[in-house]
file target_12.cif (mmCIF, C-alpha atoms)
data_coords
#
loop_
_atom_site.label_atom_id
_atom_site.label_comp_id
_atom_site.auth_asym_id
_atom_site.auth_seq_id
_atom_site.Cartn_x
_atom_site.Cartn_y
_atom_site.Cartn_z
CA MET A 1 102.52 44.52 116.70
CA SER A 2 101.37 46.55 113.77
CA GLN A 3 99.03 45.00 111.20
CA VAL A 4 97.14 41.87 112.16
CA THR A 5 94.40 39.82 110.58
CA LEU A 6 91.91 39.03 113.34
CA VAL A 7 89.20 37.24 111.36
CA SER A 8 89.46 35.77 107.88
CA GLY A 9 87.26 33.42 105.90
CA ALA A 10 83.73 32.07 105.78
CA ILE A 11 81.16 33.52 108.18
CA HIS A 12 80.65 31.18 111.10
CA ALA A 13 77.34 29.59 112.03
CA ALA A 14 74.75 31.43 114.09
CA GLY A 15 76.01 32.21 117.56
CA THR A 16 78.76 34.09 119.37
CA ARG A 17 82.46 33.52 118.96
CA GLU A 18 85.63 35.20 120.12
CA THR A 19 89.02 35.14 118.48
CA ASP A 20 92.25 34.50 120.29
CA ALA A 21 93.64 37.47 122.18
CA TYR A 22 96.42 39.46 120.53
CA HIS A 23 98.97 41.16 122.70
CA ILE A 24 99.51 44.73 121.47
CA GLY A 25 102.16 45.86 123.91
CA ARG A 26 102.37 48.70 126.36
CA ASN A 27 102.97 51.54 123.95
CA ALA A 28 99.95 51.28 121.67
CA ARG A 29 98.44 54.69 121.08
CA TYR A 30 96.17 54.01 118.12
CA LEU A 31 93.99 51.15 116.95
CA ALA A 32 92.33 51.17 113.53
CA ALA A 33 90.18 48.29 112.35
CA GLN A 34 88.57 47.34 109.08
CA VAL A 35 85.67 44.96 108.51
CA ASP A 36 85.33 43.57 105.01
CA PHE A 37 81.98 41.78 104.75
CA VAL A 38 80.93 39.97 101.59
CA ARG A 39 77.47 38.41 101.68
CA THR A 40 76.49 35.86 99.08
CA SER A 41 73.17 34.82 100.58
CA GLY A 42 71.27 34.17 103.79
CA GLY A 43 71.72 35.55 107.25
CA THR A 44 70.08 38.28 109.29
CA THR A 45 72.63 40.31 111.24
CA ILE A 46 76.25 40.23 112.29
CA ASP A 47 77.70 42.36 115.07
CA VAL A 48 81.46 42.64 115.10
CA TYR A 49 82.93 43.94 118.35
CA ILE A 50 86.56 44.97 118.61
CA GLN A 51 87.47 44.48 122.25
CA THR A 52 90.36 45.32 124.50
CA SER A 53 91.40 44.02 127.90
CA LEU A 54 92.94 45.83 130.85
CA ASP A 55 93.36 42.71 132.98
CA ASN A 56 95.30 40.42 130.69
CA GLY A 57 92.20 38.86 129.19
CA ALA A 58 90.14 38.18 132.30
CA THR A 59 87.48 40.62 131.11
CA TRP A 60 86.90 42.43 127.84
CA ALA A 61 85.56 45.84 126.90
CA ASP A 62 84.03 46.76 123.56
CA VAL A 63 85.75 49.67 121.81
CA MET A 64 84.14 49.37 118.38
CA ASN A 65 80.99 47.88 116.91
CA PHE A 66 80.38 47.18 113.26
CA SER A 67 76.75 46.29 112.63
CA LEU A 68 76.17 44.32 109.43
CA ALA A 69 73.04 42.92 107.88
CA THR A 70 72.51 41.73 104.32
CA THR A 71 74.49 44.27 102.31
CA THR A 72 78.10 43.68 101.38
CA ALA A 73 80.18 46.43 102.99
CA ARG A 74 83.64 47.56 103.99
CA LYS A 75 83.88 49.75 107.11
CA VAL A 76 86.67 51.32 109.15
CA SER A 77 86.88 52.78 112.64
CA ALA A 78 89.71 53.97 114.85
CA VAL A 79 90.31 54.74 118.50
CA VAL A 80 93.16 56.63 120.12
CA VAL A 81 94.55 57.02 123.60
CA THR A 82 94.53 60.80 123.30
CA THR A 83 90.75 60.99 123.46
CA ALA A 84 89.52 61.89 126.94
CA LEU A 85 87.57 58.93 128.21
CA ALA A 86 84.58 59.88 130.37
CA ALA A 87 85.10 59.14 134.05
CA ALA A 88 83.98 55.81 135.47
CA VAL A 89 82.69 54.40 132.21
CA THR A 90 80.90 51.09 132.53
CA PRO A 91 82.40 48.93 129.80
CA THR A 92 80.29 46.60 127.69
CA ASP A 93 81.13 43.12 126.45
CA GLY A 94 79.26 42.43 123.25
CA THR A 95 76.61 45.09 123.71
CA LEU A 96 78.17 48.33 122.46
CA THR A 97 75.66 50.40 120.55
CA ALA A 98 75.60 49.59 116.85
CA ASN A 99 78.18 51.39 114.75
CA THR A 100 79.77 53.31 117.60
CA ILE A 101 83.21 53.47 119.18
CA LEU A 102 84.61 54.00 122.64
CA SER A 103 87.75 56.01 122.01
CA GLY A 104 90.26 56.66 124.78
CA LEU A 105 90.47 53.05 125.95
CA ILE A 106 93.25 50.78 124.66
CA GLY A 107 94.52 48.00 126.87
CA SER A 108 97.31 45.52 126.38
CA LYS A 109 95.34 42.99 124.34
CA ILE A 110 92.68 43.02 121.65
CA ARG A 111 90.32 40.44 120.22
CA VAL A 112 87.15 40.24 118.12
CA LYS A 113 83.73 39.01 119.25
CA THR A 114 81.24 38.20 116.52
CA VAL A 115 77.54 37.63 117.04
CA VAL A 116 75.91 36.02 114.01
CA VAL A 117 72.14 35.75 113.64
CA GLY A 118 70.92 33.53 110.85
CA THR A 119 72.85 31.36 108.47
CA TYR A 120 75.08 33.28 106.10
CA VAL A 121 76.93 32.29 103.00
CA GLY A 122 79.74 34.77 102.63
CA THR A 123 83.05 35.92 104.05
CA LEU A 124 84.13 38.16 106.86
CA ASN A 125 87.59 39.63 107.21
CA VAL A 126 88.61 41.80 110.14
CA SER A 127 92.04 43.38 110.21
CA ALA A 128 93.63 45.96 112.44
CA VAL A 129 96.62 48.23 112.64
CA VAL A 130 98.09 49.20 115.99
CA ARG A 131 100.72 51.85 116.42
CA MET B 1 111.14 60.86 107.08
CA ARG B 2 110.40 61.97 103.51
CA VAL B 3 109.66 59.88 100.46
CA THR B 4 108.68 60.63 96.88
CA LEU B 5 105.72 58.45 95.93
CA LEU B 6 105.39 59.70 92.37
CA ASN B 7 107.30 61.96 90.02
CA GLY B 8 106.74 62.05 86.29
CA ALA B 9 104.43 62.58 83.37
CA LEU B 10 100.73 61.96 83.68
CA PRO B 11 99.37 58.69 82.29
CA ALA B 12 98.40 58.61 78.65
CA ASP B 13 95.11 56.86 79.29
CA ALA B 14 92.07 57.24 81.54
CA ASN B 15 92.76 54.16 83.67
CA VAL B 16 93.51 54.24 87.39
CA HIS B 17 97.23 53.87 88.00
CA TYR B 18 99.00 53.10 91.27
CA SER B 19 102.33 53.91 92.80
CA ASP B 20 104.27 51.25 94.66
CA PRO B 21 103.12 50.86 98.29
CA TRP B 22 105.42 52.49 100.79
CA PRO B 23 105.78 50.63 104.09
CA MET B 24 105.45 52.99 107.03
CA SER B 25 105.82 49.99 109.30
CA LYS B 26 109.53 50.04 108.58
CA LEU B 27 109.91 53.47 110.16
CA PRO B 28 112.00 53.50 113.32
CA SER B 29 109.06 54.88 115.29
CA ALA B 30 105.30 54.65 114.92
CA ALA B 31 103.92 57.10 112.36
CA GLU B 32 101.39 59.43 113.86
CA TYR B 33 101.34 62.23 111.32
CA LEU B 34 101.58 62.24 107.57
CA VAL B 35 101.68 65.29 105.36
CA ALA B 36 101.58 65.02 101.58
CA GLN B 37 102.37 67.53 98.91
CA ALA B 38 101.26 67.25 95.29
CA ARG B 39 102.95 69.45 92.70
CA TYR B 40 101.09 69.53 89.43
CA THR B 41 102.44 71.18 86.32
CA TYR B 42 99.88 71.67 83.60
CA ASP B 43 101.02 71.91 80.02
CA PRO B 44 98.29 73.77 78.15
CA ALA B 45 99.93 73.23 74.78
CA SER B 46 99.87 69.47 74.77
CA SER B 47 97.01 68.50 77.04
CA GLY B 48 94.31 66.54 75.44
CA PHE B 49 90.62 67.41 75.27
CA HIS B 50 89.94 69.96 72.52
CA TYR B 51 88.07 70.62 69.33
CA THR B 52 89.08 68.99 66.06
CA LEU B 53 91.18 71.27 63.87
CA VAL B 54 90.67 71.33 60.12
CA ASN B 55 93.10 73.97 58.80
CA ASP B 56 95.73 74.48 61.43
CA THR B 57 98.31 76.45 59.41
CA HIS B 58 97.95 79.78 57.69
CA ALA B 59 99.65 83.05 56.88
CA ALA B 60 100.00 85.20 60.00
CA SER B 61 96.56 86.08 61.25
CA ALA B 62 94.34 86.57 64.24
CA VAL B 63 91.78 83.89 65.03
CA LYS B 64 88.07 84.62 65.04
CA VAL B 65 85.84 82.58 67.34
CA THR B 66 82.09 82.55 66.80
CA VAL B 67 79.81 81.48 69.63
CA VAL B 68 76.15 80.84 68.92
CA ASP B 69 73.72 80.72 71.83
CA THR B 70 70.28 80.92 70.28
CA THR B 71 68.45 80.55 73.57
CA PRO B 72 70.77 82.70 75.69
CA SER B 73 72.21 80.70 78.56
CA ILE B 74 75.96 81.25 78.74
CA THR B 75 77.04 83.28 81.76
CA ALA B 76 80.65 82.22 82.07
CA GLY B 77 83.29 80.48 80.02
CA THR B 78 86.66 80.66 78.37
CA VAL B 79 87.86 79.66 74.93
CA ARG B 80 91.56 78.90 74.87
CA VAL B 81 93.48 79.29 71.64
CA ILE B 82 97.04 77.99 71.54
CA GLY B 83 99.20 78.50 68.50
CA LEU B 84 102.58 79.44 67.15
CA VAL B 85 103.59 83.06 66.74
CA ALA B 86 107.01 83.35 65.15
CA ASP B 87 107.53 79.70 66.15
CA VAL B 88 106.83 80.46 69.79
CA VAL B 89 103.94 78.71 71.56
CA THR B 90 101.43 81.38 72.49
CA VAL B 91 98.35 80.94 74.66
CA GLU B 92 95.38 83.29 74.51
CA ASP B 93 92.25 82.92 76.63
CA ILE B 94 89.05 84.51 75.39
CA ASP B 95 86.31 85.36 77.89
CA ILE B 96 82.95 84.29 76.46
CA SER B 97 80.86 85.06 79.53
CA ALA B 98 78.89 87.53 77.41
CA GLY B 99 77.54 84.59 75.45
CA ALA B 100 76.81 84.68 71.76
CA GLY B 101 79.11 86.78 69.63
CA VAL B 102 82.22 86.96 67.53
CA TYR B 103 85.49 87.15 69.41
CA THR B 104 88.87 87.87 67.84
CA THR B 105 92.20 87.12 69.43
CA VAL B 106 94.37 90.04 70.43
CA GLU B 107 97.29 88.18 68.94
CA ALA B 108 97.24 88.89 65.21
CA ALA B 109 100.14 86.78 63.99
CA PHE B 110 99.30 83.14 64.58
CA THR B 111 100.74 80.94 61.85
CA GLU B 112 99.70 77.61 63.28
CA ILE B 113 96.98 76.61 65.72
CA ILE B 114 97.81 73.80 68.13
CA LEU B 115 94.63 73.65 70.17
CA VAL B 116 91.22 75.25 70.63
CA LYS B 117 89.24 74.30 73.72
CA SER B 118 86.50 75.67 75.98
CA PHE B 119 86.16 75.38 79.72
CA GLY B 120 84.62 77.01 82.77
CA LEU B 121 81.24 77.14 81.06
CA ALA B 122 78.29 78.06 83.26
CA THR B 123 74.55 77.77 82.70
CA LEU B 124 75.24 75.86 79.57
CA GLY B 125 72.42 73.97 77.95
CA GLY B 126 69.61 76.51 78.02
CA SER B 127 68.26 74.78 75.01
CA GLY B 128 71.21 72.71 73.99
CA ASP B 129 71.76 75.06 71.09
CA GLU B 130 75.22 76.43 71.90
CA THR B 131 77.85 76.05 69.19
CA ILE B 132 81.37 77.22 68.56
CA ALA B 133 83.38 77.76 65.38
CA ALA B 134 86.81 79.21 64.75
CA GLU B 135 88.40 80.55 61.61
CA TRP B 136 91.42 82.49 60.45
CA ASP B 137 90.52 86.18 60.65
CA THR B 138 92.13 86.84 57.29
CA GLY B 139 90.86 84.61 54.55
CA ALA B 140 87.99 83.20 56.62
CA GLU B 141 89.36 79.69 56.35
CA SER B 142 87.87 77.41 58.99
CA ILE B 143 89.99 76.19 61.92
CA VAL B 144 87.14 74.54 63.83
CA ASP B 145 83.96 73.76 61.95
CA ALA B 146 80.79 74.73 63.80
CA THR B 147 80.21 72.17 66.53
CA ASN B 148 78.49 71.86 69.89
CA LEU B 149 80.09 73.97 72.60
CA VAL B 150 81.13 71.59 75.36
CA GLU B 151 82.91 71.75 78.68
CA GLN B 152 86.51 70.61 78.21
CA THR B 153 87.96 71.04 81.65
CA GLU B 154 90.32 68.17 82.28
CA ASN B 155 90.30 66.50 85.67
CA PHE B 156 93.28 64.82 87.22
CA ASN B 157 92.77 63.16 90.60
CA VAL B 158 95.45 61.87 92.93
CA PHE B 159 94.27 59.71 95.83
CA LEU B 160 96.55 59.06 98.78
CA GLN B 161 95.60 55.64 100.14
CA THR B 162 96.37 53.49 103.14
CA THR B 163 95.66 49.86 103.98
CA LEU B 164 94.71 48.06 107.17
CA ASP B 165 95.01 44.56 105.72
CA GLY B 166 98.45 44.42 104.24
CA GLY B 167 97.43 45.68 100.83
CA ALA B 168 94.40 43.49 100.13
CA THR B 169 92.15 46.57 100.13
CA TRP B 170 92.90 50.29 100.14
CA CYS B 171 91.23 53.33 101.66
CA ASP B 172 91.47 56.88 100.34
CA ILE B 173 92.74 59.28 102.98
CA ALA B 174 93.33 62.34 100.81
CA ASN B 175 92.43 63.60 97.38
CA PHE B 176 94.25 66.18 95.32
CA HIS B 177 92.17 67.45 92.43
CA PHE B 178 93.70 69.34 89.53
CA GLN B 179 92.34 70.76 86.34
CA ILE B 180 93.92 73.09 83.83
CA THR B 181 96.06 75.20 86.12
CA SER B 182 99.41 74.30 87.61
CA ALA B 183 99.16 74.09 91.38
CA VAL B 184 100.77 72.84 94.57
CA LYS B 185 98.53 71.37 97.27
CA VAL B 186 99.21 69.89 100.69
CA SER B 187 97.12 67.83 103.09
CA ALA B 188 97.86 66.19 106.43
CA ILE B 189 96.55 63.13 108.23
CA LYS B 190 97.07 62.41 111.91
CA ILE B 191 96.00 59.51 114.04
CA THR B 192 94.77 61.74 116.85
CA THR B 193 91.91 63.07 114.73
CA ALA B 194 88.64 61.41 115.71
CA LEU B 195 87.54 59.18 112.87
CA ALA B 196 83.78 58.83 112.65
CA ALA B 197 82.71 55.35 113.74
CA ASN B 198 81.87 52.86 111.03
CA THR B 199 83.17 54.95 108.17
CA THR B 200 82.75 53.51 104.69
CA PRO B 201 86.07 54.00 102.96
CA THR B 202 86.43 54.74 99.27
CA SER B 203 89.09 53.56 96.87
CA ALA B 204 89.88 56.11 94.15
CA GLY B 205 86.49 57.65 94.84
CA MET B 206 87.03 60.36 97.46
CA SER B 207 85.57 63.82 96.83
CA ALA B 208 87.80 66.50 95.37
CA ASP B 209 90.39 67.91 97.78
CA ALA B 210 88.94 66.00 100.75
CA ILE B 211 90.75 64.14 103.51
CA LEU B 212 89.91 61.29 105.89
CA SER B 213 92.03 62.09 108.89
CA GLY B 214 92.28 59.60 111.73
CA LEU B 215 93.05 56.61 109.52
CA LEU B 216 96.64 55.53 108.99
CA GLY B 217 97.60 51.96 108.23
CA ASP B 218 100.94 50.31 107.64
CA PHE B 219 101.40 51.30 104.02
CA VAL B 220 100.55 54.26 101.84
CA ARG B 221 100.39 54.49 98.08
CA LEU B 222 98.87 56.69 95.40
CA ALA B 223 96.06 55.97 92.98
CA TYR B 224 95.83 58.51 90.18
CA VAL B 225 93.63 58.94 87.18
CA ALA B 226 93.48 61.47 84.37
CA GLU B 227 90.08 62.04 82.84
CA TYR B 228 91.58 62.83 79.46
CA ALA B 229 94.98 62.41 77.92
CA PHE B 230 97.26 64.92 79.60
CA SER B 231 100.42 64.50 77.58
CA GLY B 232 103.01 66.99 78.68
CA SER B 233 101.62 67.62 82.14
CA SER B 234 103.40 66.20 85.16
CA ILE B 235 102.89 65.39 88.82
CA ALA B 236 105.15 64.91 91.82
CA VAL B 237 103.90 63.73 95.19
CA ASP B 238 106.06 63.69 98.31
CA VAL B 239 105.08 62.64 101.81
CA VAL B 240 106.69 63.35 105.14
CA VAL B 241 105.88 61.12 108.08
CA HIS B 242 106.52 61.84 111.73
#

call {"tool": "encode", "arguments": {"input": "target_12.cif", "output": "structure tokens"}}
result
Amino acid sequence: MSQVTLVSGAIHAAGTRETDAYHIGRNARYLAAQVDFVRTSGGTTIDVYIQTSLDNGATWADVMNFSLATTTARKVSAVVVTTALAAAVTPTDGTLTANTILSGLIGSKIRVKTVVVGTYVGTLNVSAVVR
Amino acid sequence: MRVTLLNGALPADANVHYSDPWPMSKLPSAAEYLVAQARYTYDPASSGFHYTLVNDTHAASAVKVTVVDTTPSITAGTVRVIGLVADVVTVEDIDISAGAGVYTTVEAAFTEIILVKSFGLATLGGSGDETIAAEWDTGAESIVDATNLVEQTENFNVFLQTTLDGGATWCDIANFHFQITSAVKVSAIKITTALAANTTPTSAGMSADAILSGLLGDFVRLAYVAEYAFSGSSIAVDVVVH
């Protein structure tokens, strides 16, 4: 897998949703993601979590957070396997600190979790490149 | 693998132009490192931003440049005079860092003036009263009527871009900034560089000669924009990907 569109279209209603899992293979060394957020009106906050799984989707770990509010924005982040991951890290699932990454952790699958607060009119596109 | 993204004359307008996207995803192995080289050849005789000429031909003569700086403020600057001497294009740069004064070209046999421009001006605008004029040294016929002295450095920016969404949007990952000197510049991007979390990418807006390492999508392309008409100047950009 190389480029994939993970989320595309109108912002969903308030609440938490996860996308389908995408298998990224055993040789992935790099994951870059872009969030393209266009707000027309409404809403309070959106947290976009890029997550990976080490157990074939049984559990998920956040590796990126994009924290959005009421300003249209485009943001990018990247994680790599060459970063030394701290020992015995406790992974988070939907609670990674706003606008941070956890580099050094790439499993065999990725997905996106979005937590929307408020009712937005707008679009949210999340795409990623894996290599 | 090496590819030439751009090779040719600079655009004749000030719009942003783009090269065709180049698909790194078609490489036999995943690209982890990209190095780009930009080779810029500046043609001082035909590049665009300069003062209006009124009498550009004359019997062989030096050129006299008069700088007025009533409230002294000029601490650096160059006036470039380009003309024909025995039908050969000749460039002479005059240092005006001393400010107000009358400067005469060393070359005494210009028969035609192609261009007079000023650049590299510093501490300009002490009172907004700086002017420039040029005339033929013999005969005192005007070449440039007295006019405001202005900065005429020309900027040419090349942005190397990548995309994470198949080309819907583009992110600058390197900028090559050129002005009025021919130059070769190289920059490299690698995926193992730590990219700051939640980076806001630019598109044709990155700072001069900056890079954003750690971000490499499936395609790369160039966006390039010339601030003024640069006819005669040229650019070539090659990338090598490992």

call {"tool": "resolve_selection", "arguments": {"input": "target_12.cif", "expression": "the PyMOL selection byres ((chain A) within 10 of (chain B))", "output": "compact mmCIF listing (two decimals) with C-alpha atoms, in the frame of the given file"}}
result
# COMPACT_ATOMS: atom_id res chain seq x y z
CA MET A 1 102.52 44.52 116.70
CA SER A 2 101.37 46.55 113.77
CA GLN A 3 99.03 45.00 111.20
CA VAL A 4 97.14 41.87 112.16
CA THR A 5 94.40 39.82 110.58
CA LEU A 6 91.91 39.03 113.34
CA ASN A 27 102.97 51.54 123.95
CA ALA A 28 99.95 51.28 121.67
CA ARG A 29 98.44 54.69 121.08
CA TYR A 30 96.17 54.01 118.12
CA LEU A 31 93.99 51.15 116.95
CA ALA A 32 92.33 51.17 113.53
CA ALA A 33 90.18 48.29 112.35
CA GLN A 34 88.57 47.34 109.08
CA VAL A 35 85.67 44.96 108.51
CA ASP A 36 85.33 43.57 105.01
CA MET A 64 84.14 49.37 118.38
CA ASN A 65 80.99 47.88 116.91
CA PHE A 66 80.38 47.18 113.26
CA SER A 67 76.75 46.29 112.63
CA ALA A 73 80.18 46.43 102.99
CA ARG A 74 83.64 47.56 103.99
CA LYS A 75 83.88 49.75 107.11
CA VAL A 76 86.67 51.32 109.15
CA SER A 77 86.88 52.78 112.64
CA ALA A 78 89.71 53.97 114.85
CA VAL A 79 90.31 54.74 118.50
CA VAL A 80 93.16 56.63 120.12
CA VAL A 81 94.55 57.02 123.60
CA THR A 82 94.53 60.80 123.30
CA THR A 83 90.75 60.99 123.46
CA ALA A 98 75.60 49.59 116.85
CA ASN A 99 78.18 51.39 114.75
CA THR A 100 79.77 53.31 117.60
CA ILE A 101 83.21 53.47 119.18
CA LEU A 102 84.61 54.00 122.64
CA SER A 103 87.75 56.01 122.01
CA ASN A 125 87.59 39.63 107.21
CA VAL A 126 88.61 41.80 110.14
CA SER A 127 92.04 43.38 110.21
CA ALA A 128 93.63 45.96 112.44
CA VAL A 129 96.62 48.23 112.64
CA VAL A 130 98.09 49.20 115.99
CA ARG A 131 100.72 51.85 116.42

call {"tool": "atom_distance", "arguments": {"input": "target_12.cif", "atom1": "atom CA of B:Leu160", "atom2": "atom CA of B:Ala174"}}
result
5.0 Å

call {"tool": "resolve_selection", "arguments": {"input": "target_12.cif", "expression": "the PyMOL selection byres ((chain A and resi 44-48) around 8)", "output": "JSON list (two decimals) with C-alpha atoms, in the frame of the given file"}}
result
[["chain", "number", "residue", "atom", "x", "y", "z"],
["A", 42, "GLY", "CA", 71.27, 34.17, 103.79],
["A", 43, "GLY", "CA", 71.72, 35.55, 107.25],
["A", 49, "TYR", "CA", 82.93, 43.94, 118.35],
["A", 50, "ILE", "CA", 86.56, 44.97, 118.61],
["A", 64, "MET", "CA", 84.14, 49.37, 118.38],
["A", 65, "ASN", "CA", 80.99, 47.88, 116.91],
["A", 66, "PHE", "CA", 80.38, 47.18, 113.26],
["A", 67, "SER", "CA", 76.75, 46.29, 112.63],
["A", 68, "LEU", "CA", 76.17, 44.32, 109.43],
["A", 69, "ALA", "CA", 73.04, 42.92, 107.88],
["A", 70, "THR", "CA", 72.51, 41.73, 104.32],
["A", 98, "ALA", "CA", 75.60, 49.59, 116.85],
["A", 112, "VAL", "CA", 87.15, 40.24, 118.12],
["A", 113, "LYS", "CA", 83.73, 39.01, 119.25],
["A", 114, "THR", "CA", 81.24, 38.20, 116.52],
["A", 115, "VAL", "CA", 77.54, 37.63, 117.04],
["A", 116, "VAL", "CA", 75.91, 36.02, 114.01],
["A", 117, "VAL", "CA", 72.14, 35.75, 113.64],
["A", 118, "GLY", "CA", 70.92, 33.53, 110.85],
["A", 119, "THR", "CA", 72.85, 31.36, 108.47],
["A", 120, "TYR", "CA", 75.08, 33.28, 106.10]]

call {"tool": "atom_distance", "arguments": {"input": "target_12.cif", "atom1": "atom CA of B:Leu212", "atom2": "atom CA of B:Ile173"}}
result
4.5 Å

call {"tool": "resolve_selection", "arguments": {"input": "target_12.cif", "expression": "the PyMOL selection byres ((chain B and resi 92-103) around 8)", "output": "NGL selection string"}}
result
:B and (64-70 or 72-82 or 90-91 or 104-107)

call {"tool": "atom_distance", "arguments": {"input": "target_12.cif", "atom1": "atom CA of A:Asp93", "atom2": "atom CA of A:Ala10"}}
result
23.6 Å

call {"tool": "build_atoms", "arguments": {"input": "target_12.cif", "residues": "stretch 100-107 of chain B", "atoms": "all heavy atoms", "output": "PDB file, in the frame of the given file"}}
result
ATOM      1  N   ALA B 100      76.704  84.689  73.219  1.00  0.00           N
ATOM      2  CA  ALA B 100      76.810  84.680  71.760  1.00  0.00           C
ATOM      3  C   ALA B 100      77.590  85.882  71.257  1.00  0.00           C
ATOM      4  O   ALA B 100      77.493  86.985  71.797  1.00  0.00           O
ATOM      5  CB  ALA B 100      75.420  84.645  71.139  1.00  0.00           C
ATOM      6  N   GLY B 101      78.367  85.669  70.210  1.00  0.00           N
ATOM      7  CA  GLY B 101      79.110  86.780  69.630  1.00  0.00           C
ATOM      8  C   GLY B 101      80.303  86.292  68.844  1.00  0.00           C
ATOM      9  O   GLY B 101      80.565  85.092  68.738  1.00  0.00           O
ATOM     10  N   VAL B 102      81.002  87.241  68.272  1.00  0.00           N
ATOM     11  CA  VAL B 102      82.220  86.960  67.530  1.00  0.00           C
ATOM     12  C   VAL B 102      83.384  87.568  68.301  1.00  0.00           C
ATOM     13  O   VAL B 102      83.371  88.762  68.617  1.00  0.00           O
ATOM     14  CB  VAL B 102      82.161  87.535  66.100  1.00  0.00           C
ATOM     15  CG1 VAL B 102      83.477  87.284  65.371  1.00  0.00           C
ATOM     16  CG2 VAL B 102      80.990  86.933  65.326  1.00  0.00           C
ATOM     17  N   TYR B 103      84.348  86.737  68.611  1.00  0.00           N
ATOM     18  CA  TYR B 103      85.490  87.150  69.410  1.00  0.00           C
ATOM     19  C   TYR B 103      86.758  86.961  68.585  1.00  0.00           C
ATOM     20  O   TYR B 103      86.943  85.916  67.952  1.00  0.00           O
ATOM     21  CB  TYR B 103      85.611  86.313  70.681  1.00  0.00           C
ATOM     22  CG  TYR B 103      84.369  86.324  71.568  1.00  0.00           C
ATOM     23  CD1 TYR B 103      83.316  85.434  71.333  1.00  0.00           C
ATOM     24  CD2 TYR B 103      84.257  87.206  72.630  1.00  0.00           C
ATOM     25  CE1 TYR B 103      82.193  85.424  72.142  1.00  0.00           C
ATOM     26  CE2 TYR B 103      83.130  87.206  73.455  1.00  0.00           C
ATOM     27  CZ  TYR B 103      82.099  86.309  73.205  1.00  0.00           C
ATOM     28  OH  TYR B 103      80.987  86.301  74.006  1.00  0.00           O
ATOM     29  N   THR B 104      87.622  87.950  68.605  1.00  0.00           N
ATOM     30  CA  THR B 104      88.870  87.870  67.840  1.00  0.00           C
ATOM     31  C   THR B 104      90.050  87.951  68.786  1.00  0.00           C
ATOM     32  O   THR B 104      90.062  88.773  69.712  1.00  0.00           O
ATOM     33  CB  THR B 104      88.942  89.023  66.817  1.00  0.00           C
ATOM     34  OG1 THR B 104      87.781  88.969  65.987  1.00  0.00           O
ATOM     35  CG2 THR B 104      90.181  88.899  65.950  1.00  0.00           C
ATOM     36  N   THR B 105      91.026  87.116  68.559  1.00  0.00           N
ATOM     37  CA  THR B 105      92.200  87.120  69.430  1.00  0.00           C
ATOM     38  C   THR B 105      92.935  88.450  69.331  1.00  0.00           C
ATOM     39  O   THR B 105      92.965  89.091  68.276  1.00  0.00           O
ATOM     40  CB  THR B 105      93.173  85.989  69.061  1.00  0.00           C
ATOM     41  OG1 THR B 105      93.557  86.121  67.683  1.00  0.00           O
ATOM     42  CG2 THR B 105      92.521  84.629  69.271  1.00  0.00           C
ATOM     43  N   VAL B 106      93.511  88.846  70.440  1.00  0.00           N
ATOM     44  CA  VAL B 106      94.370  90.040  70.430  1.00  0.00           C
ATOM     45  C   VAL B 106      95.598  89.773  69.584  1.00  0.00           C
ATOM     46  O   VAL B 106      96.040  90.609  68.812  1.00  0.00           O
ATOM     47  CB  VAL B 106      94.756  90.417  71.881  1.00  0.00           C
ATOM     48  CG1 VAL B 106      95.766  91.556  71.888  1.00  0.00           C
ATOM     49  CG2 VAL B 106      93.510  90.760  72.683  1.00  0.00           C
ATOM     50  N   GLU B 107      96.126  88.570  69.740  1.00  0.00           N
ATOM     51  CA  GLU B 107      97.290  88.180  68.940  1.00  0.00           C
ATOM     52  C   GLU B 107      96.885  88.089  67.465  1.00  0.00           C
ATOM     53  O   GLU B 107      95.909  87.417  67.125  1.00  0.00           O
ATOM     54  CB  GLU B 107      97.821  86.815  69.409  1.00  0.00           C
ATOM     55  CG  GLU B 107      98.960  86.287  68.598  1.00  0.00           C
ATOM     56  CD  GLU B 107     100.110  87.284  68.495  1.00  0.00           C
ATOM     57  OE1 GLU B 107     100.642  87.669  69.554  1.00  0.00           O
ATOM     58  OE2 GLU B 107     100.442  87.711  67.366  1.00  0.00           O
TER      59      GLU B 107
END
